[in-house]
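Asker: The structure that follows is given in the form of structure tokens.
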Amino acid sequence: LRGLSVALVEKDDFGGFTSSASSKLLHGGVRYLPKGQVWKVRESYREAAIFQHIAPHLTRWLPFLIPTQSGSLMKGEAAMRIAMELYGLCSLGLDNLIADPGKRPPRRAFLGSQEVRAKAPLLGELPGLTGAQILWESHMHNSERMTLAVIKTAVQGGAQVANYCAVKRLLSHGDQVTGALVQDRLSGQEFPLKARFTINAAGPHVQAINQSLPGLQLKRRVTAFSKGAHLVTKPLAADYALALTTGKKLEGIVSRGGRHCFIIPWRDRSLIGTTNVPFTGSLDEVRVTATDIVDFLDDINSALPGLHLSPGDVHYSFCGLYPLIAKDVQTDTYQGTGEFQVIDHQQQGVQGMLTVLGAKYTTARWVAEKGMDLAMNKLGYAGSRCQTASRQLVEGAIGSLRDFQEDCRRQYGHELPQGMLDELCRNHGLALHRLIAAGRQHNLLQPVAGSDILAIEIDHAIREEMAMTLDDLVFRRTGLGTIGRPDAAALGYCASRMASALGWSEDESKRQLAAVHARYEYV
């Protein structure tokens, strides 16, 4: 959008590593209050509001219940009310960044203990329950499609993008970075990708890439990684998300007793996050283990007596990494940082390169803006301004989401059930019209066996959204596999459509199916 010629390469699938492995929260920043970081509260809330504006179809405001209890000053009602006053001051005026009034959050409220028990009976098991604060948080329906929407918008602006192209090493001439040697992981072919300016935004892989050239360092070296696992379980609370205090420690000036975990209603399931497990293995081998599941269930069951979740209640689980910069890694304390790093390597004697290391999905757009501001200055285009805080994403240019949804129901309600229409709207926004037209044309408006995913969504993902593996299709282009193991017939259908379009052999189809099934096997 700033007029540059841009190429993006990604080692695996777009957003398939860290960006797809979150609780899908665009966190308003209330967690920074205990640390006294009021500026980060406002930064986070601002970015959550911007996402509601630029991607109205992929976001919603979700009511969280944060319980208060007797016997603890910091868990009491008075402390909660003070925190909410501070939170309100930190976020003052930011809802006006959302152009559609229907997308602005409802007012916060405090509920008495009887109201809490009526609305969320599970919280009635907490000892000394005195009430609960309703805090509205921004939540993505599908974080994988949010990442894809950003990339699609870049492509619409002229960017060239390729998944499954891994940077093997940086290229240089003297003290100038000139691009990267890239390997197409599907064919094995290597090729140079030349650039006037290079940005390393490879998340947990940034340090490994920078090691290919001497002198490239972060401001604060990543000392370790922590693995955050999430569970998708049977539905536990339909209308409210629950914020529960666990026995895990939390760094901060003041604390409510421990790190929170969240039980979030999502797609007729509950999404529960997240763990804090130090990770020392290969970045290519990050996965949820049976031990991760059992340990996390113990934490959740301890935090909410009477829940009694067991491994049999878990439909799916996934995990990601977040960087640690702590000198001493503590297994029982959350040490993740919300701080990002934008490093101009000219200060280290290397020209033509930045490294950008973010910390959370919520501030991804803001980190990108800061990085691009610096890159534009280095390239001599200082007058070009960032547009991403106001420019809606390619499928999200919707004036009123409510009006759009109602219009779709009127137009297509005779062809598709409301639930499927609403799901199409949430995942595809304005592209819904094109999908339905193509579905009619090719007789693909029927759902894939045992799911609410339409057959046209499968073909659309393969032919227009660069789904290159069955894993891409099942877990990122659609939500077919993210709420539990899909029906065998559904997986078989998807594999056959991909095999036909991409020329897979029978052995390759079997390998692709095995890779998907491995997602549900925990050792």
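Quick note on naming: the chains in the structure tokens go A, B, ... in the order shown, residues restart at 1 in each chain, and ligands are numbered from 1 in order of appearance.
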Can you tell me, as a ChimeraX atom specification, what residues are no more than 12 Å from region 301-307 of chain A when counting only C-alpha atoms, ignoring any on the same chain fewer than 2 positions away?
Answerer: /A:67,121-127,129,234-237,242-248,257-263,272,294-299,309-311,313
Asker: Find the spatial neighbours of Ala154 (chain A), counting only C-alpha atoms, within a cut-off of 12 Å - ignore same-chain residues fewer than 2 positions away - and output them as a ChimeraX atom specification.
Answerer: /A:1-8,147-152,156-161,387-388,391-394
Asker: Here is a test: counting only C-alpha atoms, which residue of A:Ile453, A:Leu444, A:Ala99, A:Val286 is nearest to Ile54 (chain A)?
Answerer: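 Using only C-alpha atoms, Ile54 (chain A) sits closest to A:Ala99.
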Asker: Hey, can you check how far CA of Lys119 (chain A) sits from CA of Phe51 (chain A)?
Answerer: 28.4 Å
Asker: Which residues are near Gln411 (chain A)? Cut-off 12 Å, only C-alpha atoms, ignore same chain within fewer than 4 positions. Put them as a PyMOL selection string.
Answerer: chain A and resi 404-407+415-418+421+432-433+436-437
Asker: Extract the full set of strand (DSSP E) residues from region 43-102 of chain A according to DSSP on the backbone, and format it as a PyMOL selection string.
Answerer: chain A and resi 59-69
Asker: Take the selection from the previous step and output its residues with all heavy atoms, as a compact mmCIF listing (two decimals), in the first residue's frame.
Answerer:
# COMPACT_ATOMS: atom_id res chain seq x y z
N THR A 59 -14.19 -10.82 13.31
CA THR A 59 -14.04 -10.45 14.71
C THR A 59 -15.40 -10.33 15.39
O THR A 59 -16.41 -10.08 14.75
CB THR A 59 -13.30 -9.11 14.85
OG1 THR A 59 -13.95 -8.14 14.01
CG2 THR A 59 -11.85 -9.23 14.42
N ARG A 60 -15.38 -10.49 16.70
CA ARG A 60 -16.59 -10.29 17.51
C ARG A 60 -16.14 -9.80 18.88
O ARG A 60 -14.99 -9.99 19.29
CB ARG A 60 -17.37 -11.60 17.67
CG ARG A 60 -16.55 -12.70 18.36
CD ARG A 60 -17.38 -13.92 18.70
NE ARG A 60 -16.55 -14.99 19.25
CZ ARG A 60 -17.02 -16.03 19.95
NH1 ARG A 60 -18.33 -16.11 20.19
NH2 ARG A 60 -16.22 -16.97 20.40
N TRP A 61 -17.05 -9.14 19.60
CA TRP A 61 -16.80 -8.79 20.99
C TRP A 61 -17.39 -9.89 21.86
O TRP A 61 -18.58 -10.19 21.76
CB TRP A 61 -17.41 -7.44 21.34
CG TRP A 61 -16.70 -6.29 20.70
CD1 TRP A 61 -17.11 -5.58 19.62
CD2 TRP A 61 -15.45 -5.73 21.09
NE1 TRP A 61 -16.19 -4.61 19.31
CE2 TRP A 61 -15.16 -4.68 20.20
CE3 TRP A 61 -14.52 -6.02 22.11
CZ2 TRP A 61 -14.00 -3.90 20.29
CZ3 TRP A 61 -13.37 -5.26 22.21
CH2 TRP A 61 -13.11 -4.21 21.31
N LEU A 62 -16.57 -10.48 22.68
CA LEU A 62 -16.95 -11.64 23.48
C LEU A 62 -16.97 -11.26 24.97
O LEU A 62 -15.99 -10.73 25.48
CB LEU A 62 -15.93 -12.76 23.24
CG LEU A 62 -16.12 -14.08 23.96
CD1 LEU A 62 -17.41 -14.76 23.51
CD2 LEU A 62 -14.92 -14.99 23.70
N PRO A 63 -18.07 -11.52 25.67
CA PRO A 63 -18.13 -11.17 27.10
C PRO A 63 -17.37 -12.19 27.96
O PRO A 63 -17.69 -13.38 27.96
CB PRO A 63 -19.63 -11.19 27.40
CG PRO A 63 -20.20 -12.16 26.42
CD PRO A 63 -19.35 -12.07 25.17
N PHE A 64 -16.38 -11.70 28.68
CA PHE A 64 -15.64 -12.51 29.65
C PHE A 64 -16.21 -12.25 31.04
O PHE A 64 -16.50 -11.10 31.40
CB PHE A 64 -14.16 -12.14 29.65
CG PHE A 64 -13.33 -12.89 28.65
CD1 PHE A 64 -13.43 -12.60 27.31
CD2 PHE A 64 -12.46 -13.89 29.05
CE1 PHE A 64 -12.67 -13.28 26.37
CE2 PHE A 64 -11.70 -14.58 28.13
CZ PHE A 64 -11.79 -14.28 26.79
N LEU A 65 -16.35 -13.30 31.81
CA LEU A 65 -16.70 -13.17 33.23
C LEU A 65 -15.43 -13.38 34.05
O LEU A 65 -14.82 -14.45 34.00
CB LEU A 65 -17.76 -14.20 33.62
CG LEU A 65 -19.18 -13.95 33.12
CD1 LEU A 65 -20.10 -15.08 33.56
CD2 LEU A 65 -19.71 -12.62 33.63
N ILE A 66 -15.04 -12.34 34.78
CA ILE A 66 -13.87 -12.43 35.67
C ILE A 66 -14.41 -12.46 37.10
O ILE A 66 -14.89 -11.44 37.61
CB ILE A 66 -12.92 -11.24 35.49
CG1 ILE A 66 -12.58 -11.06 34.02
CG2 ILE A 66 -11.66 -11.43 36.32
CD1 ILE A 66 -11.75 -9.82 33.74
N PRO A 67 -14.38 -13.60 37.76
CA PRO A 67 -15.03 -13.72 39.08
C PRO A 67 -14.26 -12.96 40.17
O PRO A 67 -13.04 -12.82 40.11
CB PRO A 67 -15.03 -15.22 39.34
CG PRO A 67 -13.90 -15.76 38.51
CD PRO A 67 -13.81 -14.89 37.31
N THR A 68 -15.01 -12.47 41.13
CA THR A 68 -14.42 -11.91 42.35
C THR A 68 -14.77 -12.82 43.52
O THR A 68 -15.81 -13.48 43.53
CB THR A 68 -14.94 -10.49 42.62
OG1 THR A 68 -16.38 -10.51 42.72
CG2 THR A 68 -14.53 -9.55 41.50
N GLN A 69 -13.85 -12.86 44.49
CA GLN A 69 -14.01 -13.78 45.62
C GLN A 69 -13.63 -13.10 46.92
O GLN A 69 -12.80 -12.18 46.95
CB GLN A 69 -13.12 -15.02 45.40
CG GLN A 69 -13.53 -15.88 44.21
CD GLN A 69 -12.47 -16.91 43.86
OE1 GLN A 69 -11.62 -16.67 43.01
NE2 GLN A 69 -12.54 -18.07 44.51
Asker: Would you write out, as a Markdown table, a table of all residues in region 404-506 of chain A that have an atom no more than 12 Å from an atom of region 179-190 of chain A, listing for each the closest atom pair and the distance in Å to one decimal, considering only C-alpha atoms and ordering rows by chain and rising residue number?
Answerer:
| residue | atom | partner | partner_atom | distance |
| --- | --- | --- | --- | --- |
| A:Met468 | CA | A:Leu186 | CA | 8.9 |
| A:Thr469 | CA | A:Leu186 | CA | 9.9 |
| A:Leu502 | CA | A:Leu186 | CA | 11.6 |
Asker: Using only C-alpha atoms, I'd like a table of the residues in region 272-316 of chain A that come within 12 Å of region 196-214 of chain A; for each, show the closest atom pair and its distance in Å rounded to one decimal, ordered by chain and ascending number, as CSV.
Answerer:
residue,atom,partner,partner_atom,distance
A:Phe279,CA,A:Pro204,CA,11.7
A:Ser282,CA,A:His205,CA,10.7
A:Leu283,CA,A:Pro204,CA,7.8
A:Asp284,CA,A:His205,CA,10.1
A:Val286,CA,A:Pro204,CA,11.5
Asker: Emit the selected residues as a JSON list (two decimals), in the first residue's frame, including C-alpha atoms.
Answerer:
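What ended up in again22.json:
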[["chain", "number", "residue", "atom", "x", "y", "z"],
["A", 279, "PHE", "CA", 10.50, -25.72, 25.12],
["A", 282, "SER", "CA", 13.71, -28.41, 17.44],
["A", 283, "LEU", "CA", 11.33, -25.72, 16.21],
["A", 284, "ASP", "CA", 10.17, -28.15, 13.53],
["A", 286, "VAL", "CA", 6.65, -28.45, 18.26]]
Asker: Could you pull out the residues in region 357-425 of chain A that DSSP calls helix (DSSP H, G or I) from the backbone, as a PyMOL selection string?
Answerer: chain A and resi 364-379+401-412+418-425
Asker: Set the distance at 10 Å and use only C-alpha atoms: which residues neighbour Asp292 (chain A) once local chain neighbours fewer than 4 positions away are removed? I'd like the list as a PyMOL selection string.
Answerer: chain A and resi 227-231+275-277+287-288+296-298+317+319+522-523
Asker: Using only C-alpha atoms, which of A:Phe225, A:Gly503, A:Ala132, A:Val9 sits nearest Ala120 (chain A)?
Answerer: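 The answer is A:Ala132, which sits nearest to Ala120 (chain A).
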Asker: What are the closest atom pairs, with distances in Å to one decimal, for each residue of region 368-437 of chain A lying within 12 Å of region 475-499 of chain A, using only C-alpha atoms, rows by chain and rising residue number, as CSV?
Answerer:
residue,atom,partner,partner_atom,distance
A:Glu423,CA,A:Gly479,CA,10.1
A:Leu424,CA,A:Thr478,CA,10.3
A:Arg426,CA,A:Thr478,CA,11.4
A:Asn427,CA,A:Thr478,CA,8.2
A:His428,CA,A:Arg477,CA,10.2
Asker: Would you save the residues from that selection as a tab-separated table (two decimals), in the first residue's frame, using N, CA, C and O atoms?
Answerer:
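Writing done, so here's result-v9.tsv:
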chain	number	residue	atom	x	y	z
A	423	GLU	N	-21.77	-18.80	8.87
A	423	GLU	CA	-20.39	-19.29	8.89
A	423	GLU	C	-19.64	-18.84	7.63
A	423	GLU	O	-18.47	-18.44	7.70
A	424	LEU	N	-20.30	-18.85	6.49
A	424	LEU	CA	-19.70	-18.34	5.25
A	424	LEU	C	-19.35	-16.86	5.40
A	424	LEU	O	-18.28	-16.41	4.99
A	426	ARG	N	-18.76	-15.20	8.21
A	426	ARG	CA	-17.66	-15.01	9.17
A	426	ARG	C	-16.31	-15.36	8.56
A	426	ARG	O	-15.30	-14.72	8.87
A	427	ASN	N	-16.26	-16.36	7.71
A	427	ASN	CA	-14.97	-16.80	7.15
A	427	ASN	C	-14.57	-16.04	5.89
A	427	ASN	O	-13.38	-15.87	5.63
A	428	HIS	N	-15.56	-15.61	5.08
A	428	HIS	CA	-15.24	-15.09	3.75
A	428	HIS	C	-15.69	-13.66	3.50
A	428	HIS	O	-15.31	-13.08	2.48
Asker: Give me the residues near Ala364 (chain A) as a ChimeraX atom specification, where near means some atom within 12 Å (using only C-alpha atoms) and where sequence neighbours in that chain fewer than 2 positions away do not count.
Answerer: /A:18-19,26-27,43-44,47-48,50-51,146-147,150,201,203,338-341,356-362,366-371,388-389
Asker: Once you count only C-alpha atoms, what closest atom pair and distance in Å to one decimal does each residue of region 103-212 of chain A within 12 Å of region 82-96 of chain A have, with rows by chain and rising residue number, as a tab-separated table?
Answerer:
residue	atom	partner	partner_atom	distance
A:Lys103	CA	A:Asp95	CA	9.1
A:Arg104	CA	A:Asp95	CA	6.1
A:Pro105	CA	A:Asp95	CA	7.6
A:Pro106	CA	A:Asp95	CA	10.4
A:Arg107	CA	A:Gly88	CA	10.3
A:Arg108	CA	A:Met84	CA	8.5
A:Ala109	CA	A:Met84	CA	9.5
A:Phe110	CA	A:Met84	CA	9.8
A:Ala132	CA	A:Met84	CA	11.9
A:Gln133	CA	A:Met84	CA	8.7
A:Ile134	CA	A:Met84	CA	9.9
A:Leu135	CA	A:Met84	CA	8.7
A:Trp136	CA	A:Met84	CA	11.4
A:Ser138	CA	A:Asp95	CA	11.8
Asker: Pick out the closest residue to Lys168 (chain A) from this set: A:Lys11, A:Arg365, A:Arg519, A:Arg81. Count only C-alpha atoms.
Answerer: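 Distance minimum relative to Lys168 (chain A) lands on A:Lys11.
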Asker: Taking only C-alpha atoms into account, which of A:Cys408, A:Leu111, A:Val474, A:Ile293 comes nearest Ala461 (chain A)?
Answerer: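 Result for the nearest residue to Ala461 (chain A): A:Val474.
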Asker: In Å, how far is it from CA of Ala438 (chain A) to CA of His414 (chain A)?
Answerer: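 Computing the Euclidean distance for CA of Ala438 (chain A) and CA of His414 (chain A) yields 16.7 Å.
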